[in-house]
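Okay, structure first, notes after.
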Amino acid sequence: MTAGRQTAAPPAARKRPERVRTWAVGGRGVPLPLLLPALLGLAFLLVPLLALLVRAPWSGLPEQLTSAEVWQALRLSLICATAATAVSLVIGVPLAWVLARVEFPGRGLVRALVTLPLVLPPVVGGVALLMALGRNGVVGRWLDSWFGVTLPFTTAGVVLAEAFVAMPFLVISVEGTLRAADRRFEEAASTLGASRFTAFRRVTLPLIAPGIAAGAVLAWARALGEFGATITFAGNFPGRTQTMPLAVYLALQSDPEAAIALSLVLLTVSVAVLAGLRDRWMTAS
């Protein structure tokens, strides 16, 4: 009796790759589980803006925008946002340089505190400014008694409130540019006898000028749209502290069409800022 040959077991069937339905976009297939939420997110961001354009009183828009109250609020907003940006440049650029170039204990904590206004509710920032610079504040009481300076509910208070929430945008932008800059140029200037400040003024500043410009634009746009800290620290007084966002809030309660017209002005400014930064953020990959 001959032993029969043992037959090999059939190889296990290979698993076929799971097929996911795709949609061709730009010559590439996009999985539907990703495409549908992406379209939903896009609609979530764009529909409110489109609704603002649809509901805008286009026929009465010239009359709304040429009123004295609108121009007063717009003028004050532009002045205060520009002043807040100037304050941010004067003290924010040196702060960014220290964070990027100087090693010291607790630098990470300092950086976190500098960026805290980015996530801090603006109303809380206004309350903090009141506690610090108010007439009975930690610093404000000395300003009032020694120099007779009162900052809350003044135009200067608007500038400080806007600078408080806008300066972190400038610091982050400039610090990132400094970290990416080639330090060999500064070292070469030092070997040629230039002091550290001279190297900063003549070498570093021209080198990081694009980053400073981008940060200044972001800070200016953020200051222009500031609401919470401004109304808490500076109040809402027409001609003195009522900026465009505050005027929108006030108009929404009594004249919705005027609120829409003012919102269109701020929307136009925001689009202009994004267009100005397109070379930095919107470069094609």
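Following the order of the structure tokens, first chain is A, next is B, and so on, with residues numbered from 1 inside each chain and ligands from 1 in the order they appear.
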_helix (DSSP H, G or I) per DSSP on the backbone: members of region 137-213 of chain A, as a PyMOL selection string_ = chain A and resi 140-147+155-180+184-191+196-207+209-213
*Name all residues at most 7 Å from region 218-224 of chain A (count only C-alpha atoms; drop same-chain ones fewer than 3 positions away) and give them as a PyMOL selection string.*
chain A and resi 77-78+81-82+84-85+162-163+166-167+169-170+214-215+270
Grab the residues selected above and save them as a PDB file, in the first residue's frame with C-alpha atoms.
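File result.pdb, as written:
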ATOM      1  CA  SER A  77     -11.017 103.139  14.894  1.00  0.00           C
ATOM      2  CA  LEU A  78      -8.312 103.886  12.335  1.00  0.00           C
ATOM      3  CA  ALA A  81      -5.673 100.840  15.687  1.00  0.00           C
ATOM      4  CA  THR A  82      -2.699 102.646  14.147  1.00  0.00           C
ATOM      5  CA  ALA A  84      -1.962 100.527  19.106  1.00  0.00           C
ATOM      6  CA  THR A  85       0.147  99.046  16.309  1.00  0.00           C
ATOM      7  CA  GLU A 162      -6.250  97.260  21.576  1.00  0.00           C
ATOM      8  CA  ALA A 163      -2.482  97.004  22.035  1.00  0.00           C
ATOM      9  CA  ALA A 166      -2.998  92.782  19.370  1.00  0.00           C
ATOM     10  CA  MET A 167       0.656  92.820  20.384  1.00  0.00           C
ATOM     11  CA  PHE A 169       0.319  88.648  17.020  1.00  0.00           C
ATOM     12  CA  LEU A 170       3.281  90.901  16.306  1.00  0.00           C
ATOM     13  CA  ALA A 214       3.331  90.972   8.446  1.00  0.00           C
ATOM     14  CA  GLY A 215       3.089  91.094  12.233  1.00  0.00           C
ATOM     15  CA  SER A 270     -10.372  91.988   6.789  1.00  0.00           C
TER      16      SER A 270
END
For Glu186 (chain A), list every protein, DNA or RNA residue within 9 Å, evaluated using only C-alpha atoms, and leave out those in the same chain fewer than 2 positions away; present the list as a PDB file with C-alpha atoms, in the first residue's frame.
ATOM      1  CA  ASP A 182      20.542  83.301   9.533  1.00  0.00           C
ATOM      2  CA  ARG A 183      22.530  84.432  12.591  1.00  0.00           C
ATOM      3  CA  ARG A 184      25.814  84.384  10.698  1.00  0.00           C
ATOM      4  CA  ALA A 188      29.880  88.742  11.005  1.00  0.00           C
ATOM      5  CA  ALA A 189      28.851  92.243  12.055  1.00  0.00           C
ATOM      6  CA  SER A 190      30.085  91.544  15.582  1.00  0.00           C
ATOM      7  CA  THR A 191      33.466  90.363  14.328  1.00  0.00           C
ATOM      8  CA  ARG A 196      25.058  94.055  19.550  1.00  0.00           C
ATOM      9  CA  ALA A 199      24.084  94.736  14.599  1.00  0.00           C
ATOM     10  CA  PHE A 200      20.413  94.591  15.522  1.00  0.00           C
ATOM     11  CA  VAL A 203      21.643  93.938  10.121  1.00  0.00           C
ATOM     12  CA  THR A 204      18.820  92.211  11.963  1.00  0.00           C
TER      13      THR A 204
END
Residues of region 223-280 of chain A within 9 Å of region 118-122 of chain A: nearest atom pair and distance (Å, one decimal) for each, counting only C-alpha atoms, sorted by chain and number, as a tab-separated table?
residue	atom	partner	partner_atom	distance
A:Glu226	CA	A:Pro122	CA	8.1
A:Phe227	CA	A:Pro122	CA	7.5
A:Gly228	CA	A:Pro122	CA	4.7
A:Ala229	CA	A:Pro122	CA	4.8
A:Thr230	CA	A:Pro122	CA	8.3
A:Thr232	CA	A:Pro122	CA	8.7
Could you turn the residues from that selection into a file that holds C-alpha atoms, as a compact mmCIF listing (two decimals), in the first residue's frame?
# COMPACT_ATOMS: atom_id res chain seq x y z
CA GLU A 226 -11.25 94.61 19.12
CA PHE A 227 -14.47 94.79 21.15
CA GLY A 228 -14.46 93.08 24.55
CA ALA A 229 -11.42 94.67 26.19
CA THR A 230 -12.30 98.06 24.70
CA THR A 232 -14.77 96.92 29.42
_Can you pull out the residues contacting Glu175 (chain A)? Cut-off 12 Å, using only C-alpha atoms, and skip same-chain residues under 5 positions away; I want them as a count of residues only._
26
*asked:* Applying 9 Å and only C-alpha atoms, which residues near Gly157 (chain A) remain after dropping the ones on its own chain fewer than 4 positions away? List them as a PyMOL selection string.
replied: chain A and resi 150-153+161-162+230+233-234+241
Next, write the just-selected residues to a file, as a PDB file, in the first residue's frame, keeping all heavy atoms as the atom set.
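Okay, out_19.pdb is ready:
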ATOM      1  N   THR A 150      -5.423 109.587  34.035  1.00  0.00           N
ATOM      2  CA  THR A 150      -6.505 108.613  34.155  1.00  0.00           C
ATOM      3  C   THR A 150      -6.732 107.975  32.793  1.00  0.00           C
ATOM      4  O   THR A 150      -7.034 108.675  31.820  1.00  0.00           O
ATOM      5  CB  THR A 150      -7.803 109.277  34.643  1.00  0.00           C
ATOM      6  OG1 THR A 150      -7.566 109.926  35.895  1.00  0.00           O
ATOM      7  CG2 THR A 150      -8.898 108.238  34.807  1.00  0.00           C
ATOM      8  N   LEU A 151      -6.563 106.671  32.708  1.00  0.00           N
ATOM      9  CA  LEU A 151      -6.632 105.975  31.428  1.00  0.00           C
ATOM     10  C   LEU A 151      -7.984 105.360  31.102  1.00  0.00           C
ATOM     11  O   LEU A 151      -8.394 105.395  29.942  1.00  0.00           O
ATOM     12  CB  LEU A 151      -5.542 104.893  31.382  1.00  0.00           C
ATOM     13  CG  LEU A 151      -4.103 105.422  31.382  1.00  0.00           C
ATOM     14  CD1 LEU A 151      -3.123 104.273  31.484  1.00  0.00           C
ATOM     15  CD2 LEU A 151      -3.832 106.252  30.147  1.00  0.00           C
ATOM     16  N   PRO A 152      -8.715 104.791  32.062  1.00  0.00           N
ATOM     17  CA  PRO A 152     -10.002 104.171  31.689  1.00  0.00           C
ATOM     18  C   PRO A 152     -10.986 105.201  31.123  1.00  0.00           C
ATOM     19  O   PRO A 152     -11.001 106.366  31.521  1.00  0.00           O
ATOM     20  CB  PRO A 152     -10.512 103.602  33.018  1.00  0.00           C
ATOM     21  CG  PRO A 152      -9.299 103.434  33.851  1.00  0.00           C
ATOM     22  CD  PRO A 152      -8.391 104.556  33.468  1.00  0.00           C
ATOM     23  N   PHE A 153     -11.791 104.739  30.161  1.00  0.00           N
ATOM     24  CA  PHE A 153     -12.850 105.532  29.542  1.00  0.00           C
ATOM     25  C   PHE A 153     -12.304 106.773  28.828  1.00  0.00           C
ATOM     26  O   PHE A 153     -12.932 107.825  28.820  1.00  0.00           O
ATOM     27  CB  PHE A 153     -13.902 105.923  30.590  1.00  0.00           C
ATOM     28  CG  PHE A 153     -14.375 104.760  31.409  1.00  0.00           C
ATOM     29  CD1 PHE A 153     -14.025 104.632  32.745  1.00  0.00           C
ATOM     30  CD2 PHE A 153     -15.145 103.757  30.835  1.00  0.00           C
ATOM     31  CE1 PHE A 153     -14.447 103.542  33.489  1.00  0.00           C
ATOM     32  CE2 PHE A 153     -15.573 102.668  31.571  1.00  0.00           C
ATOM     33  CZ  PHE A 153     -15.218 102.560  32.904  1.00  0.00           C
ATOM     34  N   ALA A 161      -6.070  99.110  25.351  1.00  0.00           N
ATOM     35  CA  ALA A 161      -6.845  97.866  25.275  1.00  0.00           C
ATOM     36  C   ALA A 161      -6.572  97.139  23.968  1.00  0.00           C
ATOM     37  O   ALA A 161      -6.405  95.908  23.941  1.00  0.00           O
ATOM     38  CB  ALA A 161      -8.337  98.175  25.425  1.00  0.00           C
ATOM     39  N   GLU A 162      -6.517  97.884  22.867  1.00  0.00           N
ATOM     40  CA  GLU A 162      -6.250  97.260  21.576  1.00  0.00           C
ATOM     41  C   GLU A 162      -4.821  96.734  21.501  1.00  0.00           C
ATOM     42  O   GLU A 162      -4.586  95.657  20.935  1.00  0.00           O
ATOM     43  CB  GLU A 162      -6.515  98.265  20.461  1.00  0.00           C
ATOM     44  CG  GLU A 162      -7.975  98.626  20.316  1.00  0.00           C
ATOM     45  CD  GLU A 162      -8.241  99.625  19.214  1.00  0.00           C
ATOM     46  OE1 GLU A 162      -7.264 100.178  18.666  1.00  0.00           O
ATOM     47  OE2 GLU A 162      -9.423  99.874  18.896  1.00  0.00           O
ATOM     48  N   THR A 230     -12.053  96.631  24.886  1.00  0.00           N
ATOM     49  CA  THR A 230     -12.303  98.058  24.701  1.00  0.00           C
ATOM     50  C   THR A 230     -13.527  98.513  25.474  1.00  0.00           C
ATOM     51  O   THR A 230     -13.480  99.514  26.208  1.00  0.00           O
ATOM     52  CB  THR A 230     -12.486  98.369  23.206  1.00  0.00           C
ATOM     53  OG1 THR A 230     -11.313  97.970  22.497  1.00  0.00           O
ATOM     54  CG2 THR A 230     -12.695  99.852  22.991  1.00  0.00           C
ATOM     55  N   PHE A 233     -12.771  98.298  29.359  1.00  0.00           N
ATOM     56  CA  PHE A 233     -11.774  99.203  29.925  1.00  0.00           C
ATOM     57  C   PHE A 233     -12.020 100.660  29.530  1.00  0.00           C
ATOM     58  O   PHE A 233     -11.746 101.564  30.320  1.00  0.00           O
ATOM     59  CB  PHE A 233     -10.374  98.775  29.463  1.00  0.00           C
ATOM     60  CG  PHE A 233      -9.268  99.610  30.031  1.00  0.00           C
ATOM     61  CD1 PHE A 233      -9.023  99.624  31.396  1.00  0.00           C
ATOM     62  CD2 PHE A 233      -8.460 100.378  29.211  1.00  0.00           C
ATOM     63  CE1 PHE A 233      -7.996 100.402  31.931  1.00  0.00           C
ATOM     64  CE2 PHE A 233      -7.437 101.145  29.734  1.00  0.00           C
ATOM     65  CZ  PHE A 233      -7.206 101.154  31.099  1.00  0.00           C
ATOM     66  N   ALA A 234     -12.531 100.886  28.310  1.00  0.00           N
ATOM     67  CA  ALA A 234     -12.673 102.257  27.814  1.00  0.00           C
ATOM     68  C   ALA A 234     -14.117 102.708  27.672  1.00  0.00           C
ATOM     69  O   ALA A 234     -14.367 103.901  27.471  1.00  0.00           O
ATOM     70  CB  ALA A 234     -11.951 102.398  26.469  1.00  0.00           C
ATOM     71  N   THR A 241     -14.547 106.976  22.662  1.00  0.00           N
ATOM     72  CA  THR A 241     -14.126 105.573  22.781  1.00  0.00           C
ATOM     73  C   THR A 241     -14.942 104.631  21.904  1.00  0.00           C
ATOM     74  O   THR A 241     -14.683 103.432  21.908  1.00  0.00           O
ATOM     75  CB  THR A 241     -14.238 105.095  24.250  1.00  0.00           C
ATOM     76  OG1 THR A 241     -15.614 105.102  24.641  1.00  0.00           O
ATOM     77  CG2 THR A 241     -13.432 105.983  25.181  1.00  0.00           C
TER      78      THR A 241
END
*May I ask which of the residues A:Gln242, A:Ser254, A:Thr177, A:Thr154 is the closest one to Leu74 (chain A), counting only C-alpha atoms?*
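Once distances to Leu74 (chain A) are computed over only C-alpha atoms, the minimum belongs to A:Gln242.
You will find CA of Leu40 (chain A) at 24.3 Å from CA of Thr268 (chain A).
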*asked:* Using Å and a single decimal, report how far CA of Gly225 (chain A) sits from CA of Val87 (chain A).
replied: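 Interatomic distance, CA of Val87 (chain A) to CA of Gly225 (chain A): 16.7 Å.
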_Taking only region 6-168 of chain A into account, list the residues labelled strand (DSSP E) by DSSP (computed from the backbone), as a VMD selection string._
chain A and resid 22 to 25 28 to 31
Generate the output file for the selected residues, C-alpha atoms, as a PDB file, in the first residue's frame.
ATOM      1  CA  THR A  22     -13.702  58.785  -3.897  1.00  0.00           C
ATOM      2  CA  TRP A  23     -14.539  61.932  -5.781  1.00  0.00           C
ATOM      3  CA  ALA A  24     -12.152  63.238  -8.391  1.00  0.00           C
ATOM      4  CA  VAL A  25     -10.949  66.731  -7.513  1.00  0.00           C
ATOM      5  CA  ARG A  28      -6.911  63.212  -7.616  1.00  0.00           C
ATOM      6  CA  GLY A  29      -9.411  61.110  -5.787  1.00  0.00           C
ATOM      7  CA  VAL A  30     -10.634  62.551  -2.501  1.00  0.00           C
ATOM      8  CA  PRO A  31     -12.240  60.082  -0.071  1.00  0.00           C
TER       9      PRO A  31
END
*Nearest to Arg75 (chain A) among A:Leu32, A:Met244, A:Val269, A:Leu264, with distances taken over only C-alpha atoms: which residue is it?*
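Looking only at the distances to Arg75 (chain A), the closest residue turns out to be A:Met244.
Among the candidate residues A:Ala73, A:Ala213, A:Val54, A:Gly235, the one lying nearest to Val127 (chain A) is A:Gly235, with distances computed using only C-alpha atoms.
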_Nearest residue to Val217 (chain A) out of A:Leu36, A:Leu192, A:Val248, A:Leu274, using only C-alpha atoms?_
A:Leu274
*Counting only C-alpha atoms, the residue of A:Pro117, A:Pro238, A:Gly41, A:Pro62 that sits nearest Ile172 (chain A)*: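 Nearest candidate to Ile172 (chain A) out of A:Pro117, A:Pro238, A:Gly41, A:Pro62: A:Pro117.
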*May I ask which of the residues A:Gly239, A:Gly276, A:Gly176, A:Pro48 is the closest one to Thr155 (chain A), counting only C-alpha atoms?*
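Among A:Gly239, A:Gly276, A:Gly176, A:Pro48, it is A:Gly239 that comes nearest to Thr155 (chain A).
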